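File shown: run.txt. Contents: compact mmCIF, C-alpha atoms.
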# COMPACT_ATOMS: atom_id res chain seq x y z
CA MET N 1 0.00 0.00 0.00
CA VAL N 2 1.25 3.47 -0.91
CA GLU N 3 0.15 6.59 0.94
CA LYS N 4 0.78 10.25 0.34
CA LEU N 5 -0.25 13.33 2.27
CA THR N 6 -0.71 16.26 -0.05
CA GLU N 7 -2.23 19.71 -0.27
CA VAL N 8 -4.84 20.61 -2.84
CA GLN N 9 -3.62 23.37 -5.16
CA LEU N 10 -6.46 23.31 -7.69
CA LYS N 11 -7.76 26.86 -8.07
CA THR N 12 -11.37 25.91 -7.52
CA GLY N 13 -10.70 23.02 -5.18
CA LEU N 14 -12.24 19.69 -6.17
CA HIS N 15 -15.23 21.34 -7.76
CA ALA N 16 -17.69 19.21 -9.79
CA ARG N 17 -15.70 19.32 -13.06
CA PRO N 18 -12.23 18.74 -11.61
CA ALA N 19 -13.76 16.02 -9.43
CA ALA N 20 -15.15 14.29 -12.51
CA LEU N 21 -11.73 14.51 -14.19
CA PHE N 22 -10.05 13.22 -11.04
CA VAL N 23 -12.37 10.22 -10.85
CA GLN N 24 -11.87 9.52 -14.57
CA GLU N 25 -8.14 9.59 -13.97
CA ALA N 26 -8.46 7.28 -10.93
CA ASN N 27 -10.52 4.78 -12.91
CA ARG N 28 -7.64 4.21 -15.30
CA PHE N 29 -5.84 2.30 -12.56
CA SER N 30 -6.72 -1.15 -11.39
CA SER N 31 -5.61 -0.49 -7.78
CA GLU N 32 -8.06 0.32 -5.02
CA ILE N 33 -7.61 4.06 -4.45
CA PHE N 34 -8.84 6.10 -1.52
CA LEU N 35 -8.88 9.76 -0.64
CA GLU N 36 -9.08 10.85 2.97
CA LYS N 37 -9.87 14.24 4.44
CA ASP N 38 -10.42 14.98 8.14
CA GLY N 39 -10.67 11.30 8.96
CA LYS N 40 -13.30 10.65 6.29
CA LYS N 41 -12.15 8.15 3.71
CA VAL N 42 -13.85 7.68 0.35
CA ASN N 43 -13.26 5.66 -2.78
CA ALA N 44 -11.38 7.83 -5.28
CA LYS N 45 -13.17 6.13 -8.15
CA SER N 46 -16.58 7.34 -7.07
CA ILE N 47 -17.56 10.87 -8.00
CA MET N 48 -20.26 11.16 -5.34
CA GLY N 49 -17.83 10.11 -2.64
CA ILE N 50 -15.24 12.67 -3.74
CA MET N 51 -17.81 15.45 -3.98
CA SER N 52 -19.26 14.61 -0.58
CA LEU N 53 -15.93 15.64 0.97
CA ALA N 54 -16.24 19.17 -0.50
CA ILE N 55 -12.49 19.58 -0.83
CA ASN N 56 -11.37 23.19 -1.17
CA ARG N 57 -8.07 24.70 -2.16
CA GLY N 58 -5.48 24.31 0.54
CA SER N 59 -7.07 21.31 2.27
CA GLU N 60 -4.79 18.52 3.29
CA VAL N 61 -5.77 15.12 1.92
CA THR N 62 -4.25 11.67 2.03
CA LEU N 63 -4.15 9.61 -1.14
CA SER N 64 -3.71 5.89 -0.73
CA ALA N 65 -3.68 3.04 -3.18
CA GLU N 66 -3.31 -0.70 -3.06
CA GLY N 67 -2.81 -2.95 -6.04
CA SER N 68 -0.52 -3.68 -8.96
CA ASP N 69 -0.18 -0.07 -10.11
CA GLU N 70 -0.34 1.64 -6.70
CA GLU N 71 2.87 3.67 -7.08
CA GLU N 72 1.88 5.10 -10.42
CA ALA N 73 -1.70 5.79 -9.28
CA VAL N 74 -0.68 7.83 -6.25
CA LYS N 75 1.94 9.72 -8.26
CA VAL N 76 -0.39 10.69 -11.10
CA LEU N 77 -3.34 11.60 -8.86
CA ALA N 78 -1.15 13.61 -6.49
CA GLU N 79 0.20 15.57 -9.45
CA PHE N 80 -3.37 16.22 -10.53
CA ILE N 81 -4.50 17.80 -7.26
CA GLU N 82 -1.20 19.59 -6.74
CA SER N 83 -1.48 21.34 -10.09
CA GLU N 84 -3.38 24.61 -10.33
CA GLU N 85 -5.42 23.79 -13.40
CA GLY N 86 -6.05 20.10 -12.90
CA HIS N 87 -4.10 18.65 -15.84
CA GLN N 88 -0.76 16.94 -15.95
CA MET W 1 -9.27 15.38 17.12
CA ALA W 2 -11.91 15.47 19.84
CA LYS W 3 -15.38 14.64 18.63
CA VAL W 4 -17.23 16.62 21.26
CA ARG W 5 -16.17 19.62 23.27
CA THR W 6 -17.94 21.40 26.08
CA THR W 7 -18.91 24.19 23.73
CA ASP W 8 -20.92 21.70 21.58
CA VAL W 9 -22.92 20.65 24.61
CA LEU W 10 -23.54 24.29 25.50
CA LYS W 11 -24.90 25.05 22.04
CA ASN W 12 -26.84 21.87 21.34
CA LEU W 13 -28.56 21.46 24.69
CA ASP W 14 -29.51 25.09 25.03
CA LEU W 15 -27.63 25.64 28.28
CA GLU W 16 -26.66 28.91 29.91
CA LEU W 17 -22.97 29.50 30.56
CA VAL W 18 -22.39 30.84 34.06
CA SER W 19 -18.63 30.79 34.54
CA GLY W 20 -15.38 29.17 33.45
CA GLU W 21 -15.62 30.30 29.84
CA ASP W 22 -11.91 29.65 29.29
CA GLY W 23 -12.53 25.90 29.55
CA LEU W 24 -15.12 25.63 26.78
CA HIS W 25 -12.64 23.94 24.45
CA ARG W 26 -12.27 20.97 26.82
CA PRO W 27 -12.86 17.60 25.15
CA ILE W 28 -15.54 15.23 26.42
CA THR W 29 -14.31 11.67 26.11
CA THR W 30 -17.09 9.63 27.68
CA SER W 31 -20.87 9.61 27.55
CA ASP W 32 -21.03 8.64 31.24
CA LEU W 33 -22.21 11.34 33.61
CA HIS W 34 -21.69 11.70 37.33
CA ARG W 35 -23.66 13.22 40.19
CA PRO W 36 -20.98 14.07 42.72
CA GLY W 37 -23.05 13.70 45.88
CA LEU W 38 -20.54 11.60 47.78
CA GLU W 39 -17.72 13.85 46.63
CA LEU W 40 -19.47 16.85 48.15
CA ALA W 41 -19.67 14.87 51.36
CA GLY W 42 -15.90 14.43 51.27
CA PHE W 43 -15.41 11.01 49.73
CA LEU W 44 -13.16 11.67 46.76
CA ASP W 45 -11.32 8.37 46.38
CA TYR W 46 -13.19 7.43 43.23
CA TYR W 47 -14.08 10.82 41.79
CA PRO W 48 -14.54 10.25 38.01
CA LYS W 49 -13.11 13.62 37.04
CA GLU W 50 -13.18 13.04 33.28
CA ARG W 51 -16.98 12.94 33.24
CA VAL W 52 -19.47 15.75 32.95
CA GLN W 53 -20.70 16.47 36.50
CA LEU W 54 -24.35 17.08 37.19
CA LEU W 55 -25.58 18.93 40.28
CA GLY W 56 -29.26 18.83 41.17
CA ARG W 57 -31.38 20.08 44.02
CA THR W 58 -30.29 17.32 46.42
CA GLU W 59 -26.59 17.98 45.96
CA LEU W 60 -26.91 21.74 46.26
CA ARG W 61 -29.15 21.61 49.35
CA PHE W 62 -26.65 19.36 51.02
CA PHE W 63 -23.84 21.67 50.00
CA GLU W 64 -25.53 24.66 51.65
CA LYS W 65 -25.40 22.86 54.98
CA LEU W 66 -21.62 22.46 54.94
CA PRO W 67 -19.37 24.84 56.88
CA GLN W 68 -17.65 27.57 54.84
CA ALA W 69 -14.14 26.05 54.87
CA GLU W 70 -15.40 22.68 53.62
CA ARG W 71 -17.48 24.31 50.92
CA ILE W 72 -14.41 25.99 49.47
CA GLU W 73 -12.30 22.86 49.71
CA ARG W 74 -14.92 20.55 48.09
CA MET W 75 -15.49 22.83 45.12
CA GLU W 76 -11.75 23.16 44.63
CA ARG W 77 -11.60 19.37 44.37
CA LEU W 78 -14.58 19.13 42.00
CA CYS W 79 -13.10 21.65 39.57
CA ASP W 80 -10.39 19.35 38.29
CA ASP W 81 -8.16 20.12 35.32
CA GLU W 82 -9.76 17.24 33.46
CA THR W 83 -13.41 17.90 34.25
CA PRO W 84 -15.11 19.01 31.04
CA ALA W 85 -18.14 20.66 32.62
CA ILE W 86 -20.31 21.04 35.69
CA VAL W 87 -23.99 21.33 34.88
CA ILE W 88 -26.70 22.56 37.23
CA SER W 89 -30.35 21.65 36.70
CA ARG W 90 -33.67 23.39 37.48
CA ASP W 91 -32.15 26.86 37.07
CA LEU W 92 -30.90 26.62 40.65
CA ASP W 93 -28.76 29.32 42.24
CA ILE W 94 -25.09 28.57 41.89
CA PRO W 95 -22.96 28.70 45.06
CA GLU W 96 -20.31 31.43 45.16
CA GLU W 97 -17.63 28.85 45.99
CA LEU W 98 -18.33 26.97 42.76
CA ILE W 99 -18.13 30.10 40.62
CA GLU W 100 -14.83 31.11 42.19
CA SER W 101 -13.24 27.67 41.82
CA SER W 102 -14.49 27.22 38.27
CA GLU W 103 -13.04 30.56 37.18
CA ARG W 104 -9.73 29.70 38.81
CA HIS W 105 -9.46 26.29 37.10
CA ALA W 106 -11.31 27.18 33.89
CA VAL W 107 -14.01 24.54 34.31
CA PRO W 108 -17.18 25.61 32.49
CA VAL W 109 -20.25 25.80 34.73
CA MET W 110 -23.54 25.66 32.85
CA ARG W 111 -27.16 25.80 33.85
CA SER W 112 -30.38 24.33 32.46
CA ASN W 113 -34.06 24.77 33.35
CA LEU W 114 -34.75 21.02 33.03
CA THR W 115 -35.17 18.71 36.00
CA THR W 116 -32.11 16.65 36.89
CA THR W 117 -33.40 13.33 35.54
CA ARG W 118 -34.56 14.86 32.26
CA LEU W 119 -31.25 16.65 31.88
CA PHE W 120 -29.36 13.47 32.70
CA SER W 121 -31.07 11.47 29.97
CA LYS W 122 -30.87 14.28 27.43
CA LEU W 123 -27.16 14.73 28.04
CA THR W 124 -26.51 10.98 27.87
CA ALA W 125 -28.47 10.61 24.63
CA TYR W 126 -26.62 13.53 23.05
CA LEU W 127 -23.17 12.34 24.13
CA GLU W 128 -23.82 8.74 23.08
CA LYS W 129 -24.87 9.90 19.65
CA MET W 130 -21.88 12.17 19.22
CA LEU W 131 -19.32 9.73 20.62
CA ALA W 132 -20.57 6.70 18.66
CA PRO W 133 -17.88 5.22 16.41
CA THR W 134 -18.34 6.08 12.73
CA THR W 135 -16.99 5.02 9.38
CA ALA W 136 -17.70 5.65 5.69
CA VAL W 137 -18.27 2.82 3.25
CA HIS W 138 -18.24 2.82 -0.54
CA GLY W 139 -21.63 1.47 -1.49
CA VAL W 140 -25.33 2.21 -1.84
CA LEU W 141 -27.79 2.03 1.03
CA LEU W 142 -31.42 1.21 0.28
CA GLU W 143 -34.50 0.21 2.17
CA VAL W 144 -35.98 -2.85 0.48
CA TYR W 145 -39.23 -4.19 2.00
CA GLY W 146 -38.23 -2.54 5.24
CA VAL W 147 -34.78 -4.13 5.32
CA GLY W 148 -31.72 -1.85 5.28
CA VAL W 149 -29.64 -3.27 2.42
CA LEU W 150 -26.08 -2.10 1.85
CA LEU W 151 -25.03 -2.77 -1.75
CA THR W 152 -21.28 -3.04 -2.14
CA GLY W 153 -18.92 -3.98 -4.96
CA LYS W 154 -16.23 -2.54 -7.15
CA SER W 155 -16.66 0.68 -9.04
CA GLY W 156 -18.64 0.12 -12.23
CA VAL W 157 -20.19 -3.20 -11.22
CA GLY W 158 -23.68 -1.69 -11.37
CA LYS W 159 -24.59 -0.71 -7.81
CA SER W 160 -26.20 2.58 -8.75
CA GLU W 161 -28.04 1.03 -11.70
CA ALA W 162 -29.45 -1.69 -9.45
CA ALA W 163 -30.41 1.04 -6.96
CA LEU W 164 -32.27 2.96 -9.69
CA ASP W 165 -34.15 -0.18 -10.63
CA LEU W 166 -35.10 -0.76 -6.98
CA VAL W 167 -36.24 2.83 -6.49
CA LYS W 168 -38.38 2.48 -9.61
CA ARG W 169 -39.97 -0.57 -7.99
CA GLY W 170 -40.98 1.45 -4.99
CA HIS W 171 -38.07 0.95 -2.61
CA ARG W 172 -36.19 3.78 -0.95
CA LEU W 173 -32.76 5.29 -1.41
CA ILE W 174 -30.77 6.45 1.60
CA ALA W 175 -27.30 7.07 0.13
CA ASP W 176 -25.43 6.49 -3.10
CA ASP W 177 -21.71 5.87 -3.44
CA CYS W 178 -20.73 6.96 0.06
CA VAL W 179 -22.56 5.76 3.15
CA GLU W 180 -21.73 7.20 6.56
CA ILE W 181 -22.21 4.54 9.20
CA ARG W 182 -22.58 5.11 12.92
CA GLN W 183 -22.54 2.31 15.45
CA GLU W 184 -25.12 2.97 18.09
CA GLU W 185 -25.53 1.11 21.33
CA ASN W 186 -26.38 -2.59 21.33
CA ASP W 187 -24.59 -3.17 18.07
CA THR W 188 -26.83 -1.41 15.60
CA LEU W 189 -25.38 0.18 12.51
CA VAL W 190 -27.18 3.21 11.16
CA GLY W 191 -26.35 4.55 7.71
CA THR W 192 -26.93 8.05 6.38
CA ALA W 193 -25.86 10.04 3.33
CA PRO W 194 -23.27 12.81 3.57
CA GLU W 195 -25.33 15.99 3.49
CA LEU W 196 -24.00 17.21 0.14
CA ILE W 197 -25.07 14.15 -1.82
CA GLU W 198 -28.34 13.39 -0.07
CA HIS W 199 -31.09 12.15 -2.46
CA LEU W 200 -28.64 12.02 -5.36
CA LEU W 201 -27.75 9.07 -7.55
CA GLU W 202 -25.03 8.95 -10.17
CA ILE W 203 -25.81 6.90 -13.25
CA ARG W 204 -23.09 6.57 -15.85
CA GLY W 205 -24.27 8.16 -19.06
CA LEU W 206 -26.93 10.27 -17.37
CA GLY W 207 -24.87 11.99 -14.69
CA ILE W 208 -26.23 13.03 -11.35
CA ILE W 209 -29.97 12.69 -10.85
CA ASN W 210 -32.15 13.72 -7.93
CA VAL W 211 -34.21 10.78 -6.81
CA MET W 212 -36.57 12.85 -4.69
CA THR W 213 -37.60 15.28 -7.41
CA LEU W 214 -37.82 12.49 -10.00
CA PHE W 215 -39.64 9.84 -7.99
CA GLY W 216 -41.15 11.74 -5.09
CA ALA W 217 -40.72 11.96 -1.35
CA GLY W 218 -41.63 8.29 -0.95
CA ALA W 219 -38.49 7.24 -2.79
CA ILE W 220 -36.02 8.47 -0.22
CA ARG W 221 -35.26 8.07 3.44
CA GLY W 222 -32.92 9.94 5.77
CA SER W 223 -31.29 7.11 7.66
CA LYS W 224 -31.73 3.39 8.11
CA GLN W 225 -30.38 0.57 10.18
CA ILE W 226 -28.20 -1.74 8.09
CA THR W 227 -29.10 -5.42 8.44
CA LEU W 228 -28.01 -6.99 5.17
CA ASN W 229 -25.04 -6.56 2.88
CA VAL W 230 -25.44 -7.60 -0.76
CA HIS W 231 -22.05 -7.71 -2.41
CA LEU W 232 -22.02 -7.55 -6.20
CA GLU W 233 -19.09 -8.93 -8.16
CA LEU W 234 -18.38 -9.82 -11.74
CA TRP W 235 -19.13 -13.47 -12.42
CA ASN W 236 -16.00 -15.49 -11.85
CA SER W 237 -16.32 -18.95 -13.35
CA LYS W 238 -13.58 -20.27 -11.07
CA LYS W 239 -15.29 -19.17 -7.89
CA GLN W 240 -17.84 -21.25 -6.03
CA TYR W 241 -21.04 -19.39 -5.29
CA ASP W 242 -23.44 -20.42 -2.56
CA ARG W 243 -25.96 -22.84 -4.03
CA LEU W 244 -27.86 -23.79 -0.89
CA GLY W 245 -27.80 -20.76 1.38
CA ILE W 246 -27.36 -22.78 4.56
CA GLU W 247 -24.41 -20.93 5.95
CA ASP W 248 -24.55 -17.23 6.64
CA GLU W 249 -21.50 -15.27 5.62
CA LYS W 250 -20.79 -12.18 7.74
CA ILE W 251 -18.88 -8.98 7.33
CA LYS W 252 -17.73 -6.77 10.15
CA ILE W 253 -18.45 -3.06 10.08
CA ILE W 254 -16.86 -1.26 13.04
CA ASP W 255 -17.57 -3.94 15.71
CA THR W 256 -20.87 -5.23 14.43
CA GLU W 257 -21.42 -8.26 12.24
CA VAL W 258 -23.82 -8.03 9.31
CA THR W 259 -25.06 -10.90 7.13
CA LYS W 260 -23.46 -10.82 3.71
CA VAL W 261 -24.75 -12.27 0.45
CA THR W 262 -22.45 -12.35 -2.56
CA VAL W 263 -24.29 -12.06 -5.85
CA PRO W 264 -22.42 -12.59 -9.11
CA VAL W 265 -23.31 -10.16 -11.87
CA ARG W 266 -23.77 -11.38 -15.43
CA PRO W 267 -25.67 -9.88 -18.36
CA GLY W 268 -29.26 -11.05 -18.29
CA ARG W 269 -29.46 -11.49 -14.52
CA ASN W 270 -32.08 -9.22 -13.06
CA LEU W 271 -30.26 -7.77 -10.09
CA ALA W 272 -33.17 -5.80 -8.67
CA VAL W 273 -35.31 -8.93 -8.33
CA ILE W 274 -32.45 -10.88 -6.78
CA ILE W 275 -31.85 -8.10 -4.23
CA GLU W 276 -35.58 -7.91 -3.46
CA VAL W 277 -35.68 -11.65 -2.86
CA ALA W 278 -32.48 -11.52 -0.78
CA ALA W 279 -34.15 -8.90 1.44
CA MET W 280 -37.38 -10.90 1.76
CA ASN W 281 -35.47 -14.10 2.48
CA HIS W 282 -33.49 -12.29 5.15
CA ARG W 283 -36.76 -11.19 6.76
CA LEU W 284 -38.10 -14.73 6.63
CA LYS W 285 -34.98 -16.01 8.38
CA ARG W 286 -35.46 -13.47 11.10
CA PHE W 287 -39.00 -14.72 11.53
CA GLY W 288 -37.52 -18.19 11.98
CA ILE W 289 -38.23 -19.63 8.54
CA ASN W 290 -35.05 -20.90 6.95
CA THR W 291 -35.88 -22.63 3.68
CA ALA W 292 -32.41 -24.01 3.09
CA GLN W 293 -32.35 -25.49 6.60
CA GLN W 294 -35.85 -26.96 6.29
CA PHE W 295 -34.99 -28.49 2.95
CA THR W 296 -31.80 -30.14 4.19
CA ASN W 297 -33.63 -31.48 7.25
CA LYS W 298 -36.29 -32.99 5.03
CA LEU W 299 -33.70 -34.50 2.73
CA GLU W 300 -31.86 -35.94 5.70
CA ASN W 301 -35.04 -37.57 7.02
CA VAL W 302 -35.86 -39.11 3.67
CA ILE W 303 -32.37 -40.52 3.34
CA LYS W 304 -32.44 -41.88 6.89
CA SER W 305 -35.93 -43.34 7.06
CA GLU W 306 -36.12 -45.09 3.73
CA PRO W 307 -32.88 -46.92 3.20
CA ASP W 308 -34.47 -49.48 0.88
CA SER W 309 -36.88 -47.36 -1.08
CA ASN W 310 -33.98 -45.14 -2.10
CA THR W 311 -32.51 -47.96 -4.07
CA ASP W 312 -35.86 -48.72 -5.74
CA TYR W 313 -35.28 -45.89 -8.12
CA LEU W 314 -32.10 -47.39 -9.38
What do you get writing this file as structure tokens?
Amino acid sequence: MVEKLTEVQLKTGLHARPAALFVQEANRFSSEIFLEKDGKKVNAKSIMGIMSLAINRGSEVTLSAEGSDEEEAVKVLAEFIESEEGHQ
Amino acid sequence: MAKVRTTDVLKNLDLELVSGEDGLHRPITTSDLHRPGLELAGFLDYYPKERVQLLGRTELRFFEKLPQAERIERMERLCDDETPAIVISRDLDIPEELIESSERHAVPVMRSNLTTTRLFSKLTAYLEKMLAPTTAVHGVLLEVYGVGVLLTGKSGVGKSEAALDLVKRGHRLIADDCVEIRQEENDTLVGTAPELIEHLLEIRGLGIINVMTLFGAGAIRGSKQITLNVHLELWNSKKQYDRLGIEDEKIKIIDTEVTKVTVPVRPGRNLAVIIEVAAMNHRLKRFGINTAQQFTNKLENVIKSEPDSNTDYL
């Protein structure tokens, strides 16, 4: 299992559109991926789960993944939320 | 991070803050309360200082009868550094000694107009609710024939689609995709939706839909006790699926066990009907009717009682 604590830099936070992109990105990996904020952990492949966290710019979140492509998944998704525009 | 602080109790139970404002950030770690009658009488060996202390008419009347020096000393002992709050019922007058000690040690003193017993139960109920262990699960929670069914399975297996089908058939949606679960006393699990996504369902190809505006108020429910877990997974020809249903599989959520049924998904299988039947069958079992068990008993009897006639067929 790979874990990474990171800070959200996306200008609008994980707003509906970036959230949809994030989930799309997460679904490319076969690993189980989770996103955790303030002790609430949701599946990163589910858009409703991600949106229910209402993640704003500057919040600290933990990305974790478990599976064959865990390293790559955490790396790519962390880059996504650490970028300002939401693209790699 | 503390789940409940004294300030939450002050706000949610409509109490009046009298003194010790500096201690409002104190964490409350237990739902147990204490009425420090014996402590006021001088027996402090077992003083549970981490609990919220409740003073009623009896305690305060007794306190009035103590000599001045003892009054000061007892209140000094009650206002411990760990004590999250001292609450007085019935809008009673608060002794000077308590106000002075509470200000000195920053222990919040609050007052309510309720009677002591009412206040006691209200405080307990509030603290139990707030201190109950919680978790979030990826899945869909529905009420099917009165049974709280938690649908789980990998992303894209068809949980939300099955949920839509069930809602269309008159069952109720509690939460889609993310279910917040709280374990209440005597091992009950209660699921709710995170506020932001209440009443919403995400269907691939359609996007986010509002179940309440589409299907009406009867199609949704705020919270529900979870009693059955239906786990959906893609049909795996190498895996053995339960053919009899004699043994109950269980999953553990927080500390509570819930019956689990694994249903393989394959094109042409009507999931909604299978989930409906799983819920009904679960109800039947709770009423004491276990078809699989009855059938095996019957089979056993036939095999035992007719050793010869069995061979007649051959």
### Message
Only residues of chain W matter here; which ones have an atom within 10 Å of chain N, counting all atoms listed in the file? Give them as number ranges by chain.
### Response
W: 1, 134-139, 154-156, 175-180, 193-198, 200-202, 207-208
Using C-alpha atoms, can you write the selected residues to a file as a CSV table (one decimal), in the frame of the given file?
chain,number,residue,atom,x,y,z
W,1,MET,CA,-9.3,15.4,17.1
W,134,THR,CA,-18.3,6.1,12.7
W,135,THR,CA,-17.0,5.0,9.4
W,136,ALA,CA,-17.7,5.6,5.7
W,137,VAL,CA,-18.3,2.8,3.2
W,138,HIS,CA,-18.2,2.8,-0.5
W,139,GLY,CA,-21.6,1.5,-1.5
W,154,LYS,CA,-16.2,-2.5,-7.2
W,155,SER,CA,-16.7,0.7,-9.0
W,156,GLY,CA,-18.6,0.1,-12.2
W,175,ALA,CA,-27.3,7.1,0.1
W,176,ASP,CA,-25.4,6.5,-3.1
W,177,ASP,CA,-21.7,5.9,-3.4
W,178,CYS,CA,-20.7,7.0,0.1
W,179,VAL,CA,-22.6,5.8,3.2
W,180,GLU,CA,-21.7,7.2,6.6
W,193,ALA,CA,-25.9,10.0,3.3
W,194,PRO,CA,-23.3,12.8,3.6
W,195,GLU,CA,-25.3,16.0,3.5
W,196,LEU,CA,-24.0,17.2,0.1
W,197,ILE,CA,-25.1,14.2,-1.8
W,198,GLU,CA,-28.3,13.4,-0.1
W,200,LEU,CA,-28.6,12.0,-5.4
W,201,LEU,CA,-27.8,9.1,-7.6
W,202,GLU,CA,-25.0,9.0,-10.2
W,207,GLY,CA,-24.9,12.0,-14.7
W,208,ILE,CA,-26.2,13.0,-11.4
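With only C-alpha atoms as the atoms that count, the residue of W:Lys285, W:Arg111, W:Lys65, W:Arg221 with the shortest distance to Glu247 in chain W is W:Lys285.
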### Counting only C-alpha atoms, the residue of N:Ala26, N:Met1, N:Ile81, N:Val76 that sits nearest Leu14 in chain N
N:Ile81
### Task
Between CA of Glu100 in chain W and CA of Glu82 in chain W, measure the distance and give it in Å to one decimal.
17.2 Å
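Note that the spacing between CA of Met110 in chain W and CA of Glu16 in chain W amounts to 5.4 Å.
When all atoms listed in the file are used to measure the gap to Gly58 in chain N, the shortest distance among N:Ala16, N:Phe22, N:Lys4, N:Ser83 belongs to N:Ser83.
Note that the spacing between CA of Pro27 in chain W and CA of Lys3 in chain W amounts to 7.6 Å.
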### Message
List as a VMD selection string the protein and nucleic acid residues near Gln9 in chain N, meaning an atom at most 9 Å away when all atoms listed in the file are counted, but skip any in the same chain fewer than 4 places from it.
### Response
chain N and resid 13 56 to 59 80 to 86
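The residue that comes closest to Ile33 in chain N, out of N:Glu60, N:Glu79, N:Glu71, N:Glu7 and on the basis of all atoms listed in the file, is N:Glu71.
Every residue within 7 Å of the file position (-27.5, 15.7, 35.8), judged by only C-alpha atoms, is given as Arg35, Gln53, Leu54, Leu55, Gly56, Val87, Ser89, Thr116, Thr117, Leu119 and Phe120 of chain W.
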Output C-alpha atoms for every residue in the selection just made, as a PDB file, in the frame of the given file.
ATOM      1  CA  ARG W  35     -23.660  13.220  40.190  1.00  0.00           C
ATOM      2  CA  GLN W  53     -20.700  16.470  36.500  1.00  0.00           C
ATOM      3  CA  LEU W  54     -24.350  17.080  37.190  1.00  0.00           C
ATOM      4  CA  LEU W  55     -25.580  18.930  40.280  1.00  0.00           C
ATOM      5  CA  GLY W  56     -29.260  18.830  41.170  1.00  0.00           C
ATOM      6  CA  VAL W  87     -23.990  21.330  34.880  1.00  0.00           C
ATOM      7  CA  SER W  89     -30.350  21.650  36.700  1.00  0.00           C
ATOM      8  CA  THR W 116     -32.110  16.650  36.890  1.00  0.00           C
ATOM      9  CA  THR W 117     -33.400  13.330  35.540  1.00  0.00           C
ATOM     10  CA  LEU W 119     -31.250  16.650  31.880  1.00  0.00           C
ATOM     11  CA  PHE W 120     -29.360  13.470  32.700  1.00  0.00           C
TER      12      PHE W 120
END
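For the residues W:Asp255, W:Glu185, W:Asp81, W:Glu76, ranking by smallest atom-to-atom distance to Ser101 in chain W using all atoms listed in the file places W:Glu76 first.
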### Task
Pick out the closest residue to Leu123 in chain W from this set: W:Asp45, W:Asp8, W:Glu73, W:Glu143. Count all atoms listed in the file.
W:Asp8
